[in-house]
file input_28.cif (mmCIF, C-alpha atoms)
data_coords
loop_
_atom_site.label_atom_id
_atom_site.label_comp_id
_atom_site.auth_asym_id
_atom_site.auth_seq_id
_atom_site.Cartn_x
_atom_site.Cartn_y
_atom_site.Cartn_z
CA MET A 45 -12.43 -14.27 11.63
CA SER A 46 -12.00 -10.66 12.69
CA GLU A 47 -14.72 -8.23 13.68
CA VAL A 48 -14.84 -4.50 12.94
CA GLU A 49 -17.00 -2.28 15.12
CA ALA A 50 -17.27 1.28 16.41
CA ASP A 51 -14.35 2.15 18.66
CA VAL A 52 -14.58 3.50 22.21
CA LEU A 53 -13.19 6.79 20.87
CA GLY A 54 -16.32 7.25 18.77
CA ALA A 55 -16.82 7.80 15.05
CA PRO A 56 -14.97 7.90 12.72
CA TYR A 57 -12.65 5.58 14.69
CA THR A 58 -13.27 1.85 14.24
CA ALA A 59 -11.75 -1.14 16.02
CA GLU A 60 -11.01 -4.52 14.47
CA THR A 61 -10.44 -7.55 16.69
CA ILE A 62 -7.61 -9.78 15.47
CA ILE A 63 -7.91 -13.38 16.67
CA LEU A 64 -4.52 -14.86 17.51
CA PRO A 65 -3.48 -18.40 18.50
CA ASP A 66 -4.12 -19.33 22.13
CA ASP A 67 -1.26 -19.13 24.60
CA ASP A 68 -0.83 -20.86 27.96
CA GLU A 69 -3.49 -18.57 29.50
CA GLY A 70 -6.08 -19.26 26.81
CA PRO A 71 -7.59 -17.16 23.98
CA VAL A 72 -5.56 -14.18 22.70
CA VAL A 73 -6.62 -11.15 20.65
CA ALA A 74 -5.15 -7.88 19.45
CA THR A 75 -7.08 -4.80 18.32
CA LEU A 76 -6.46 -2.62 15.28
CA VAL A 77 -7.93 0.89 15.58
CA HIS A 78 -8.43 2.87 12.38
CA LEU A 79 -8.94 6.54 11.55
CA PRO A 80 -9.37 7.24 7.81
CA SER A 81 -7.22 9.88 6.18
CA VAL A 82 -8.59 13.15 4.85
CA GLY A 83 -9.17 12.00 1.27
CA GLN A 84 -8.23 8.65 -0.24
CA SER A 85 -4.62 7.65 0.30
CA ARG A 86 -2.15 4.88 -0.47
CA ARG A 87 -0.13 6.01 2.56
CA ALA A 88 -0.65 4.74 6.10
CA VAL A 89 0.86 4.88 9.58
CA LEU A 90 0.79 2.06 12.13
CA HIS A 91 1.27 3.01 15.79
CA VAL A 92 2.29 0.73 18.69
CA HIS A 93 1.91 1.85 22.34
CA GLY A 94 4.10 1.33 25.39
CA PHE A 95 3.86 -0.51 28.72
CA ALA A 96 0.68 -0.15 30.80
CA ASP A 97 -0.76 1.85 27.93
CA TYR A 98 -3.08 1.71 24.93
CA PHE A 99 -4.03 3.95 22.02
CA PHE A 100 -5.99 7.09 22.99
CA GLN A 101 -3.86 9.89 21.49
CA THR A 102 -6.48 11.29 19.10
CA GLU A 103 -4.62 14.54 18.35
CA TYR A 104 -1.69 12.45 17.11
CA ALA A 105 -3.93 10.31 14.90
CA GLU A 106 -5.70 13.36 13.48
CA TRP A 107 -2.36 15.02 12.66
CA TRP A 108 -1.43 12.02 10.49
CA ALA A 109 -4.90 11.84 8.91
CA ALA A 110 -4.79 15.54 8.02
CA ARG A 111 -1.41 14.91 6.38
CA GLY A 112 -2.98 12.28 4.11
CA TYR A 113 -2.18 9.08 6.00
CA ASP A 114 -4.68 6.42 6.97
CA PHE A 115 -3.97 6.01 10.68
CA TYR A 116 -3.93 2.62 12.39
CA ALA A 117 -3.06 1.89 16.02
CA LEU A 118 -2.46 -1.56 17.45
CA ASP A 119 -3.45 -2.45 21.00
CA LEU A 120 -1.15 -5.42 21.58
CA ARG A 121 -2.27 -8.63 23.27
CA LYS A 122 -3.13 -8.22 26.97
CA TYR A 123 -3.24 -4.41 26.73
CA GLY A 124 -6.14 -1.97 26.61
CA ARG A 125 -8.89 -3.04 24.21
CA SER A 126 -7.21 -6.45 23.83
CA LEU A 127 -7.01 -7.38 27.53
CA LEU A 128 -9.27 -10.35 28.31
CA PRO A 129 -10.51 -11.26 31.83
CA HIS A 130 -8.42 -14.43 32.13
CA GLN A 131 -5.14 -12.75 31.14
CA THR A 132 -2.16 -11.35 33.05
CA ALA A 133 -2.09 -7.73 31.94
CA ASN A 134 0.84 -6.70 29.71
CA TYR A 135 2.56 -10.07 30.09
CA VAL A 136 4.76 -11.90 27.59
CA GLU A 137 8.03 -13.80 28.05
CA ASP A 138 9.58 -12.74 24.72
CA LEU A 139 9.04 -9.47 22.86
CA ARG A 140 8.88 -11.54 19.69
CA ASP A 141 5.53 -12.83 20.97
CA TYR A 142 4.14 -9.51 19.69
CA PHE A 143 5.34 -10.12 16.14
CA PRO A 144 2.22 -12.09 15.05
CA GLU A 145 -0.13 -9.17 15.71
CA ILE A 146 2.24 -6.70 14.09
CA ASP A 147 2.41 -9.06 11.10
CA ALA A 148 -1.39 -9.34 11.02
CA ALA A 149 -1.82 -5.56 11.18
CA TRP A 150 0.82 -5.11 8.48
CA LEU A 151 -0.99 -7.51 6.13
CA ARG A 152 -4.33 -5.78 6.69
CA ILE A 153 -2.80 -2.39 5.96
CA THR A 154 -0.66 -3.34 2.97
CA GLU A 155 -2.58 -6.16 1.27
CA ARG A 156 -6.23 -5.87 2.23
CA ASP A 157 -6.31 -2.04 2.37
CA GLU A 158 -3.69 -1.70 -0.40
CA HIS A 159 -1.36 0.87 1.16
CA ASP A 160 2.05 0.87 -0.47
CA ARG A 161 3.86 3.43 1.73
CA VAL A 162 3.74 2.77 5.47
CA VAL A 163 5.36 4.54 8.43
CA ILE A 164 5.46 2.69 11.75
CA THR A 165 5.50 4.72 14.95
CA ALA A 166 5.91 3.48 18.51
CA HIS A 167 6.24 4.70 22.08
CA SER A 168 8.41 3.53 25.01
CA THR A 169 8.43 -0.31 25.19
CA GLY A 170 6.73 -0.36 21.79
CA GLY A 171 9.72 1.66 20.62
CA LEU A 172 11.91 -1.32 21.47
CA THR A 173 9.59 -3.98 20.03
CA VAL A 174 9.04 -2.30 16.65
CA PRO A 175 12.75 -2.03 15.68
CA LEU A 176 13.25 -5.68 16.65
CA TRP A 177 10.33 -6.60 14.39
CA ALA A 178 11.54 -4.40 11.51
CA ASP A 179 15.06 -5.84 11.73
CA GLN A 180 13.80 -9.43 11.67
CA ARG A 181 11.30 -8.72 8.86
CA ARG A 182 13.47 -6.47 6.71
CA ASP A 183 13.81 -9.01 3.89
CA GLN A 184 10.02 -8.83 3.53
CA HIS A 185 10.18 -5.05 3.12
CA ARG A 186 12.59 -4.91 0.18
CA SER A 187 9.71 -3.65 -1.96
CA GLY A 188 10.03 -0.35 -0.08
CA THR A 189 6.61 -0.41 1.59
CA LEU A 190 8.10 0.38 5.01
CA VAL A 191 9.29 3.93 4.35
CA GLY A 192 10.00 5.23 7.87
CA ILE A 193 9.97 4.56 11.61
CA VAL A 194 9.21 7.20 14.26
CA LEU A 195 10.08 6.28 17.85
CA ASN A 196 8.70 8.37 20.70
CA SER A 197 10.91 7.99 23.82
CA PRO A 198 11.82 4.37 23.07
CA TRP A 199 12.97 2.17 25.95
CA PHE A 200 16.49 1.33 24.83
CA ASP A 201 18.15 0.40 28.15
CA MET A 202 17.51 -0.20 31.84
CA GLN A 203 17.40 3.07 33.72
CA GLY A 204 18.81 3.45 37.23
CA ALA A 205 22.04 2.30 38.85
CA TRP A 206 24.78 0.70 36.73
CA TRP A 207 24.54 -2.59 38.59
CA MET A 208 20.97 -3.07 37.32
CA ARG A 209 22.41 -3.29 33.80
CA THR A 210 25.13 -5.78 34.79
CA ILE A 211 24.84 -7.97 37.90
CA GLY A 212 21.16 -7.11 38.34
CA THR A 213 20.34 -8.21 34.80
CA SER A 214 22.10 -11.56 35.27
CA VAL A 215 20.10 -12.23 38.44
CA LEU A 216 16.90 -11.04 36.78
CA LYS A 217 17.33 -13.40 33.84
CA GLN A 218 17.80 -16.34 36.21
CA VAL A 219 14.72 -15.41 38.23
CA GLY A 220 12.72 -14.74 35.07
CA ALA A 221 13.56 -18.18 33.72
CA ARG A 222 12.74 -20.04 36.97
CA ASN A 223 9.81 -17.98 38.27
CA PRO A 224 8.54 -15.78 35.41
CA LYS A 225 5.36 -14.62 37.16
CA ARG A 226 7.25 -13.30 40.18
CA VAL A 227 6.37 -9.63 40.73
CA ILE A 228 9.35 -7.27 40.72
CA PRO A 229 8.95 -4.79 43.61
CA ARG A 230 9.01 -1.14 42.57
CA THR A 231 7.64 2.21 43.68
CA VAL A 232 5.39 4.15 41.31
CA ASN A 233 4.23 7.54 42.62
CA GLY A 234 1.60 8.10 39.93
CA LEU A 235 2.89 11.57 39.06
CA TYR A 236 3.24 10.80 35.36
CA ALA A 237 -0.36 9.66 34.86
CA ARG A 238 -1.60 12.51 37.06
CA SER A 239 0.24 15.01 34.86
CA LEU A 240 -1.69 13.69 31.85
CA HIS A 241 -5.24 12.89 32.98
CA ARG A 242 -7.82 15.66 32.74
CA ASP A 243 -9.34 14.75 36.13
CA HIS A 244 -6.00 15.49 37.80
CA ASP A 245 -3.24 17.81 36.51
CA GLY A 246 -3.48 17.16 32.77
CA GLU A 247 -5.68 17.67 29.71
CA PHE A 248 -6.16 14.16 28.30
CA ASP A 249 -8.93 11.64 28.77
CA PHE A 250 -8.01 7.97 29.03
CA ASP A 251 -9.41 4.85 30.68
CA LEU A 252 -7.74 4.40 34.07
CA ALA A 253 -8.50 0.67 33.97
CA TRP A 254 -6.29 0.38 30.87
CA LYS A 255 -3.71 3.01 31.85
CA PRO A 256 -3.75 3.08 35.66
CA MET A 257 -2.45 5.92 37.78
CA GLU A 258 0.13 3.68 39.44
CA SER A 259 0.94 1.61 36.35
CA GLN A 260 0.61 -2.19 36.54
CA PRO A 261 2.71 -5.02 38.01
CA VAL A 262 6.05 -5.84 36.42
CA TYR A 263 6.88 -9.54 36.29
CA ALA A 264 10.33 -11.14 36.17
CA GLY A 265 9.61 -13.01 32.94
CA TRP A 266 8.44 -9.86 31.18
CA LEU A 267 11.43 -7.81 32.36
CA ARG A 268 13.73 -10.62 31.25
CA ALA A 269 12.13 -10.36 27.80
CA VAL A 270 12.80 -6.62 27.76
CA ARG A 271 16.45 -7.06 28.76
CA ASN A 272 16.89 -9.67 26.03
CA GLY A 273 15.43 -7.14 23.61
CA HIS A 274 17.85 -4.50 24.86
CA ALA A 275 20.74 -6.88 24.22
CA ARG A 276 19.62 -7.45 20.63
CA LEU A 277 19.37 -3.69 20.05
CA HIS A 278 22.77 -3.07 21.65
CA GLY A 279 24.26 -5.63 19.28
CA GLY A 280 23.10 -3.51 16.35
CA LEU A 281 20.03 -3.65 14.11
CA GLU A 282 19.20 -2.63 10.55
CA VAL A 283 15.56 -1.61 10.29
CA GLY A 284 15.96 -0.87 6.59
CA CYS A 285 14.45 2.63 6.40
CA PRO A 286 14.98 6.14 7.80
CA SER A 287 14.28 6.36 11.54
CA LEU A 288 13.36 9.35 13.70
CA VAL A 289 13.94 9.13 17.46
CA LEU A 290 12.21 11.78 19.57
CA SER A 291 12.84 12.28 23.28
CA SER A 292 12.74 14.94 25.92
CA SER A 293 15.83 17.07 26.39
CA ARG A 294 16.18 15.92 30.01
CA SER A 295 15.07 13.39 32.60
CA ALA A 296 14.01 14.06 36.19
CA MET A 297 12.93 12.10 39.27
CA PRO A 298 10.51 14.41 41.10
CA LEU A 299 8.81 13.28 44.31
CA GLU A 300 5.84 15.66 44.07
CA MET A 301 3.87 17.50 41.41
CA SER A 302 6.09 20.23 39.98
CA ASP A 303 7.19 21.83 36.73
CA ASP A 304 9.68 18.98 36.30
CA VAL A 305 6.80 16.51 36.03
CA HIS A 306 5.34 18.45 33.10
CA ARG A 307 8.59 19.42 31.35
CA SER A 308 10.86 16.37 31.49
CA ASP A 309 10.86 12.61 31.03
CA ILE A 310 10.17 11.18 34.48
CA VAL A 311 10.00 7.57 33.23
CA LEU A 312 13.18 6.90 31.19
CA ASP A 313 16.76 8.17 31.01
CA VAL A 314 16.91 10.26 27.84
CA ASN A 315 20.71 9.96 27.69
CA GLN A 316 20.30 6.22 27.16
CA ILE A 317 17.81 6.85 24.34
CA ARG A 318 20.28 9.09 22.54
CA ARG A 319 23.19 6.74 23.20
CA TRP A 320 21.54 3.73 21.58
CA ALA A 321 19.56 5.43 18.79
CA PRO A 322 22.38 4.92 16.22
CA ASN A 323 22.03 1.15 16.69
CA LEU A 324 18.76 1.17 14.74
CA GLY A 325 20.55 1.22 11.41
CA ARG A 326 22.34 3.35 8.86
CA HIS A 327 19.88 6.27 8.69
CA VAL A 328 18.84 7.65 12.09
CA THR A 329 17.79 11.15 13.14
CA SER A 330 17.70 11.78 16.89
CA ILE A 331 16.05 14.95 18.22
CA ALA A 332 15.75 16.15 21.83
CA ILE A 333 12.61 18.22 22.41
CA GLU A 334 12.95 20.92 25.06
CA ASP A 335 10.39 20.53 27.88
CA ALA A 336 8.84 17.34 26.47
CA ARG A 337 7.16 14.71 28.62
CA HIS A 338 7.89 10.97 28.34
CA ASP A 339 5.18 10.60 25.69
CA VAL A 340 6.28 13.57 23.63
CA VAL A 341 2.92 13.91 21.86
CA LEU A 342 1.27 14.33 25.28
CA SER A 343 3.53 17.23 26.23
CA LEU A 344 2.25 20.71 27.02
CA PRO A 345 0.56 22.39 24.01
CA GLU A 346 3.45 24.65 22.98
CA VAL A 347 5.86 21.71 23.22
CA ARG A 348 3.60 19.51 21.10
CA GLU A 349 3.77 22.15 18.40
CA GLN A 350 7.54 21.67 18.32
CA VAL A 351 7.15 17.88 18.23
CA TYR A 352 4.87 18.06 15.21
CA ALA A 353 7.11 20.60 13.50
CA GLU A 354 10.10 18.26 13.86
CA MET A 355 8.09 15.32 12.55
CA ASP A 356 6.89 17.41 9.61
CA ARG A 357 10.45 18.40 8.69
CA TRP A 358 11.69 14.83 8.92
CA LEU A 359 8.83 13.43 6.85
CA THR A 360 9.30 16.09 4.20
CA ALA A 361 13.04 15.45 4.00
CA TYR A 362 13.17 11.65 4.08
CA VAL A 363 9.73 10.05 3.57
CA ASP A 364 7.19 12.08 1.63
#
call {"tool": "encode", "arguments": {"input": "input_28.cif", "output": "structure tokens"}}
result
Amino acid sequence: MSEVEADVLGAPYTAETIILPDDDEGPVVATLVHLPSVGQSRRAVLHVHGFADYFFQTEYAEWWAARGYDFYALDLRKYGRSLLPHQTANYVEDLRDYFPEIDAAWLRITERDEHDRVVITAHSTGGLTVPLWADQRRDQHRSGTLVGIVLNSPWFDMQGAWWMRTIGTSVLKQVGARNPKRVIPRTVNGLYARSLHRDHDGEFDFDLAWKPMESQPVYAGWLRAVRNGHARLHGGLEVGCPSLVLSSSRSAMPLEMSDDVHRSDIVLDVNQIRRWAPNLGRHVTSIAIEDARHDVVLSLPEVREQVYAEMDRWLTAYVD
């Protein structure tokens, strides 16, 4: 049984708890957030967040709703609204572990709520998971219900030194198989979250327990799952519909709050995003947004206007 209640974002947002099979840590749930469209619609959008994240981007949801799409956002297992006290936050050992909640959300949107044209959007790590799901499920979408995919700074490869993508990945996979809950040491300066949150240097309000300033631990088993996902993408996918890949025009690695923090991707290497975007399938549009942040829809106001303009053009040309 699932339960629908008022969402933490307030009316008219609702949240539906999706009960999933237990895993080795115990009970598992996902959460489907819903914002109705302006007027009745057979069109919908399903959004999937990234790592150490959850859905709070209300301006994004309202843009879709104003365009005539019922908006749904999925907080995956062990993230945000779906994180239970006994669970290891953000943790899975295979990105395909997320497929059951995407399947469940898809069925609610297409069968129960009777939408026959659906766009899936995703950010960062979600932008890797969603294409893997679409590729594996494409035979189920021959009816044409999945009409487009929009990826916002998808994580398509391991950033950093070349050896992390070669020797480092081989070592990581061995460690991840033997000791999956081993924490991978890393330094997170918190600049990205600070640039976003309204109590610091940004304009957005989000729960710092669900999206912490200094991110959350990265485990060997989870990173192994991501690298396996990268390998599947690099081998070539076919998601079966037009895809739009949005990213910043440049990456930076600032050590203190500066204009670079606000006007570049300080999380991922945008060159890798553009390199691997064609591997999604036969119909891919890749656009670099000048001065965009890692989450392009959380960029500075004038940059967000450009993001939405590009999305509008793409939807008009290939989807609507």
call {"tool": "residues_around", "arguments": {"input": "input_28.cif", "residues": "stretch 90-105 of chain A", "least_positions_apart": "6", "cutoff": "7 Å", "atoms": "all atoms listed in the file", "output": "count of residues only"}}
result
22
call {"tool": "residues_around", "arguments": {"input": "input_28.cif", "residues": "stretch 321-332 of chain A", "least_positions_apart": "6", "cutoff": "8 Å", "atoms": "all atoms listed in the file", "output": "PDB file with C-alpha atoms, in the frame of the given file"}}
result
ATOM      1  CA  PRO A 175      12.750  -2.030  15.680  1.00  0.00           C
ATOM      2  CA  PHE A 200      16.490   1.330  24.830  1.00  0.00           C
ATOM      3  CA  LEU A 277      19.370  -3.690  20.050  1.00  0.00           C
ATOM      4  CA  HIS A 278      22.770  -3.070  21.650  1.00  0.00           C
ATOM      5  CA  GLY A 279      24.260  -5.630  19.280  1.00  0.00           C
ATOM      6  CA  GLY A 280      23.100  -3.510  16.350  1.00  0.00           C
ATOM      7  CA  LEU A 281      20.030  -3.650  14.110  1.00  0.00           C
ATOM      8  CA  GLU A 282      19.200  -2.630  10.550  1.00  0.00           C
ATOM      9  CA  VAL A 283      15.560  -1.610  10.290  1.00  0.00           C
ATOM     10  CA  GLY A 284      15.960  -0.870   6.590  1.00  0.00           C
ATOM     11  CA  CYS A 285      14.450   2.630   6.400  1.00  0.00           C
ATOM     12  CA  PRO A 286      14.980   6.140   7.800  1.00  0.00           C
ATOM     13  CA  SER A 287      14.280   6.360  11.540  1.00  0.00           C
ATOM     14  CA  LEU A 288      13.360   9.350  13.700  1.00  0.00           C
ATOM     15  CA  VAL A 289      13.940   9.130  17.460  1.00  0.00           C
ATOM     16  CA  LEU A 290      12.210  11.780  19.570  1.00  0.00           C
ATOM     17  CA  SER A 291      12.840  12.280  23.280  1.00  0.00           C
ATOM     18  CA  SER A 292      12.740  14.940  25.920  1.00  0.00           C
ATOM     19  CA  SER A 293      15.830  17.070  26.390  1.00  0.00           C
TER      20      SER A 293
END
call {"tool": "resolve_selection", "arguments": {"input": "input_28.cif", "expression": "the PyMOL selection byres ((chain A and resi 144-153) around 8)", "output": "number ranges by chain"}}
result
A: 62, 64, 74, 76, 88, 118, 120-121, 141-143, 154-159
call {"tool": "write_last_selection", "arguments": {"input": "input_28.cif", "atoms": "C-alpha atoms", "output": "PDB file, in the coordinates of the input"}}
result
ATOM      1  CA  ILE A  62      -7.610  -9.780  15.470  1.00  0.00           C
ATOM      2  CA  LEU A  64      -4.520 -14.860  17.510  1.00  0.00           C
ATOM      3  CA  ALA A  74      -5.150  -7.880  19.450  1.00  0.00           C
ATOM      4  CA  LEU A  76      -6.460  -2.620  15.280  1.00  0.00           C
ATOM      5  CA  ALA A  88      -0.650   4.740   6.100  1.00  0.00           C
ATOM      6  CA  LEU A 118      -2.460  -1.560  17.450  1.00  0.00           C
ATOM      7  CA  LEU A 120      -1.150  -5.420  21.580  1.00  0.00           C
ATOM      8  CA  ARG A 121      -2.270  -8.630  23.270  1.00  0.00           C
ATOM      9  CA  ASP A 141       5.530 -12.830  20.970  1.00  0.00           C
ATOM     10  CA  TYR A 142       4.140  -9.510  19.690  1.00  0.00           C
ATOM     11  CA  PHE A 143       5.340 -10.120  16.140  1.00  0.00           C
ATOM     12  CA  THR A 154      -0.660  -3.340   2.970  1.00  0.00           C
ATOM     13  CA  GLU A 155      -2.580  -6.160   1.270  1.00  0.00           C
ATOM     14  CA  ARG A 156      -6.230  -5.870   2.230  1.00  0.00           C
ATOM     15  CA  ASP A 157      -6.310  -2.040   2.370  1.00  0.00           C
ATOM     16  CA  GLU A 158      -3.690  -1.700  -0.400  1.00  0.00           C
ATOM     17  CA  HIS A 159      -1.360   0.870   1.160  1.00  0.00           C
TER      18      HIS A 159
END
call {"tool": "atom_distance", "arguments": {"input": "input_28.cif", "atom1": "atom CA of A:His306", "atom2": "atom CA of A:Ile193"}}
result
26.0 Å
call {"tool": "atom_distance", "arguments": {"input": "input_28.cif", "atom1": "atom CA of A:Arg181", "atom2": "atom CA of A:Ala275"}}
result
18.1 Å
call {"tool": "resolve_selection", "arguments": {"input": "input_28.cif", "expression": "the PyMOL selection byres ((chain A and resi 234-248) around 12)", "output": "ChimeraX atom specification"}}
result
/A:96-97,100-103,231-233,249-252,254-260,296-312,337-345
call {"tool": "atom_distance", "arguments": {"input": "input_28.cif", "atom1": "atom CA of A:Glu60", "atom2": "atom CA of A:Val48"}}
result
4.1 Å
call {"tool": "resolve_selection", "arguments": {"input": "input_28.cif", "expression": "the PyMOL selection byres ((chain A and resi 317) around 8)", "output": "ChimeraX atom specification"}}
result
/A:197-201,291,313-316,318-321
call {"tool": "closest_residue", "arguments": {"input": "input_28.cif", "among": "A:Tyr113, A:Asp179, A:Asp66, A:Pro71", "to": "A:Gly83", "atoms": "all atoms listed in the file"}}
result
A:Tyr113
call {"tool": "residues_around", "arguments": {"input": "input_28.cif", "residues": "A:Val347", "least_positions_apart": "2", "cutoff": "8 Å", "atoms": "all atoms listed in the file", "output": "list in words"}}
result
Ile333, Glu334, Asp335, Ala336, Ser343, Leu344, Pro345, Glu349, Gln350 and Val351 of chain A
call {"tool": "closest_residue", "arguments": {"input": "input_28.cif", "among": "A:Val270, A:Ser81, A:Ala264, A:Asp114", "to": "A:Gly171", "atoms": "all atoms listed in the file"}}
result
A:Val270
call {"tool": "closest_residue", "arguments": {"input": "input_28.cif", "among": "A:Val72, A:Val363, A:Ala59, A:Ala353", "to": "A:Thr132", "atoms": "all atoms listed in the file"}}
result
A:Val72
call {"tool": "residues_around", "arguments": {"input": "input_28.cif", "residues": "A:Asp51", "least_positions_apart": "2", "cutoff": "10 Å", "atoms": "all atoms listed in the file", "output": "compact mmCIF listing (two decimals) with C-alpha atoms, in the coordinates of the input"}}
result
# COMPACT_ATOMS: atom_id res chain seq x y z
CA VAL A 48 -14.84 -4.50 12.94
CA GLU A 49 -17.00 -2.28 15.12
CA LEU A 53 -13.19 6.79 20.87
CA GLY A 54 -16.32 7.25 18.77
CA ALA A 55 -16.82 7.80 15.05
CA PRO A 56 -14.97 7.90 12.72
CA TYR A 57 -12.65 5.58 14.69
CA THR A 58 -13.27 1.85 14.24
CA ALA A 59 -11.75 -1.14 16.02
CA GLU A 60 -11.01 -4.52 14.47
CA LEU A 76 -6.46 -2.62 15.28
CA VAL A 77 -7.93 0.89 15.58
CA HIS A 78 -8.43 2.87 12.38
CA LEU A 79 -8.94 6.54 11.55
CA ARG A 125 -8.89 -3.04 24.21
call {"tool": "decode", "arguments": {"input": "input_28.cif", "residues": "stretch 235-249 of chain A", "atoms": "N, CA and C atoms", "output": "PDB file, in the first residue's frame"}}
result
ATOM      1  N   LEU A 235      31.605  24.654  -0.764  1.00  0.00           N
ATOM      2  CA  LEU A 235      31.341  25.884  -1.518  1.00  0.00           C
ATOM      3  C   LEU A 235      30.093  25.758  -2.388  1.00  0.00           C
ATOM      4  N   TYR A 236      29.876  24.575  -2.955  1.00  0.00           N
ATOM      5  CA  TYR A 236      28.732  24.429  -3.853  1.00  0.00           C
ATOM      6  C   TYR A 236      27.416  24.635  -3.095  1.00  0.00           C
ATOM      7  N   ALA A 237      27.237  23.929  -1.992  1.00  0.00           N
ATOM      8  CA  ALA A 237      26.000  24.088  -1.221  1.00  0.00           C
ATOM      9  C   ALA A 237      25.871  25.508  -0.681  1.00  0.00           C
ATOM     10  N   ARG A 238      26.984  26.093  -0.252  1.00  0.00           N
ATOM     11  CA  ARG A 238      26.942  27.479   0.228  1.00  0.00           C
ATOM     12  C   ARG A 238      26.477  28.444  -0.860  1.00  0.00           C
ATOM     13  N   SER A 239      26.880  28.173  -2.104  1.00  0.00           N
ATOM     14  CA  SER A 239      26.499  29.067  -3.199  1.00  0.00           C
ATOM     15  C   SER A 239      25.015  28.998  -3.496  1.00  0.00           C
ATOM     16  N   LEU A 240      24.338  27.948  -3.003  1.00  0.00           N
ATOM     17  CA  LEU A 240      22.920  27.736  -3.293  1.00  0.00           C
ATOM     18  C   LEU A 240      22.008  28.151  -2.148  1.00  0.00           C
ATOM     19  N   HIS A 241      22.398  27.853  -0.916  1.00  0.00           N
ATOM     20  CA  HIS A 241      21.479  27.992   0.219  1.00  0.00           C
ATOM     21  C   HIS A 241      21.278  29.449   0.618  1.00  0.00           C
ATOM     22  N   ARG A 242      20.025  29.806   0.880  1.00  0.00           N
ATOM     23  CA  ARG A 242      19.684  31.204   1.150  1.00  0.00           C
ATOM     24  C   ARG A 242      20.267  31.724   2.465  1.00  0.00           C
ATOM     25  N   ASP A 243      20.644  30.832   3.380  1.00  0.00           N
ATOM     26  CA  ASP A 243      21.267  31.268   4.629  1.00  0.00           C
ATOM     27  C   ASP A 243      22.763  31.517   4.477  1.00  0.00           C
ATOM     28  N   HIS A 244      23.293  31.301   3.278  1.00  0.00           N
ATOM     29  CA  HIS A 244      24.719  31.487   3.026  1.00  0.00           C
ATOM     30  C   HIS A 244      24.896  32.453   1.852  1.00  0.00           C
ATOM     31  N   ASP A 245      25.297  31.952   0.675  1.00  0.00           N
ATOM     32  CA  ASP A 245      25.560  32.845  -0.458  1.00  0.00           C
ATOM     33  C   ASP A 245      24.587  32.638  -1.610  1.00  0.00           C
ATOM     34  N   GLY A 246      23.476  31.942  -1.360  1.00  0.00           N
ATOM     35  CA  GLY A 246      22.541  31.628  -2.428  1.00  0.00           C
ATOM     36  C   GLY A 246      21.147  32.157  -2.182  1.00  0.00           C
ATOM     37  N   GLU A 247      20.182  31.641  -2.948  1.00  0.00           N
ATOM     38  CA  GLU A 247      18.797  32.111  -2.878  1.00  0.00           C
ATOM     39  C   GLU A 247      17.796  31.003  -2.643  1.00  0.00           C
ATOM     40  N   PHE A 248      18.253  29.751  -2.469  1.00  0.00           N
ATOM     41  CA  PHE A 248      17.338  28.621  -2.395  1.00  0.00           C
ATOM     42  C   PHE A 248      17.251  28.065  -0.979  1.00  0.00           C
ATOM     43  N   ASP A 249      16.082  27.528  -0.666  1.00  0.00           N
ATOM     44  CA  ASP A 249      15.859  26.927   0.643  1.00  0.00           C
ATOM     45  C   ASP A 249      15.792  25.414   0.486  1.00  0.00           C
TER      46      ASP A 249
END
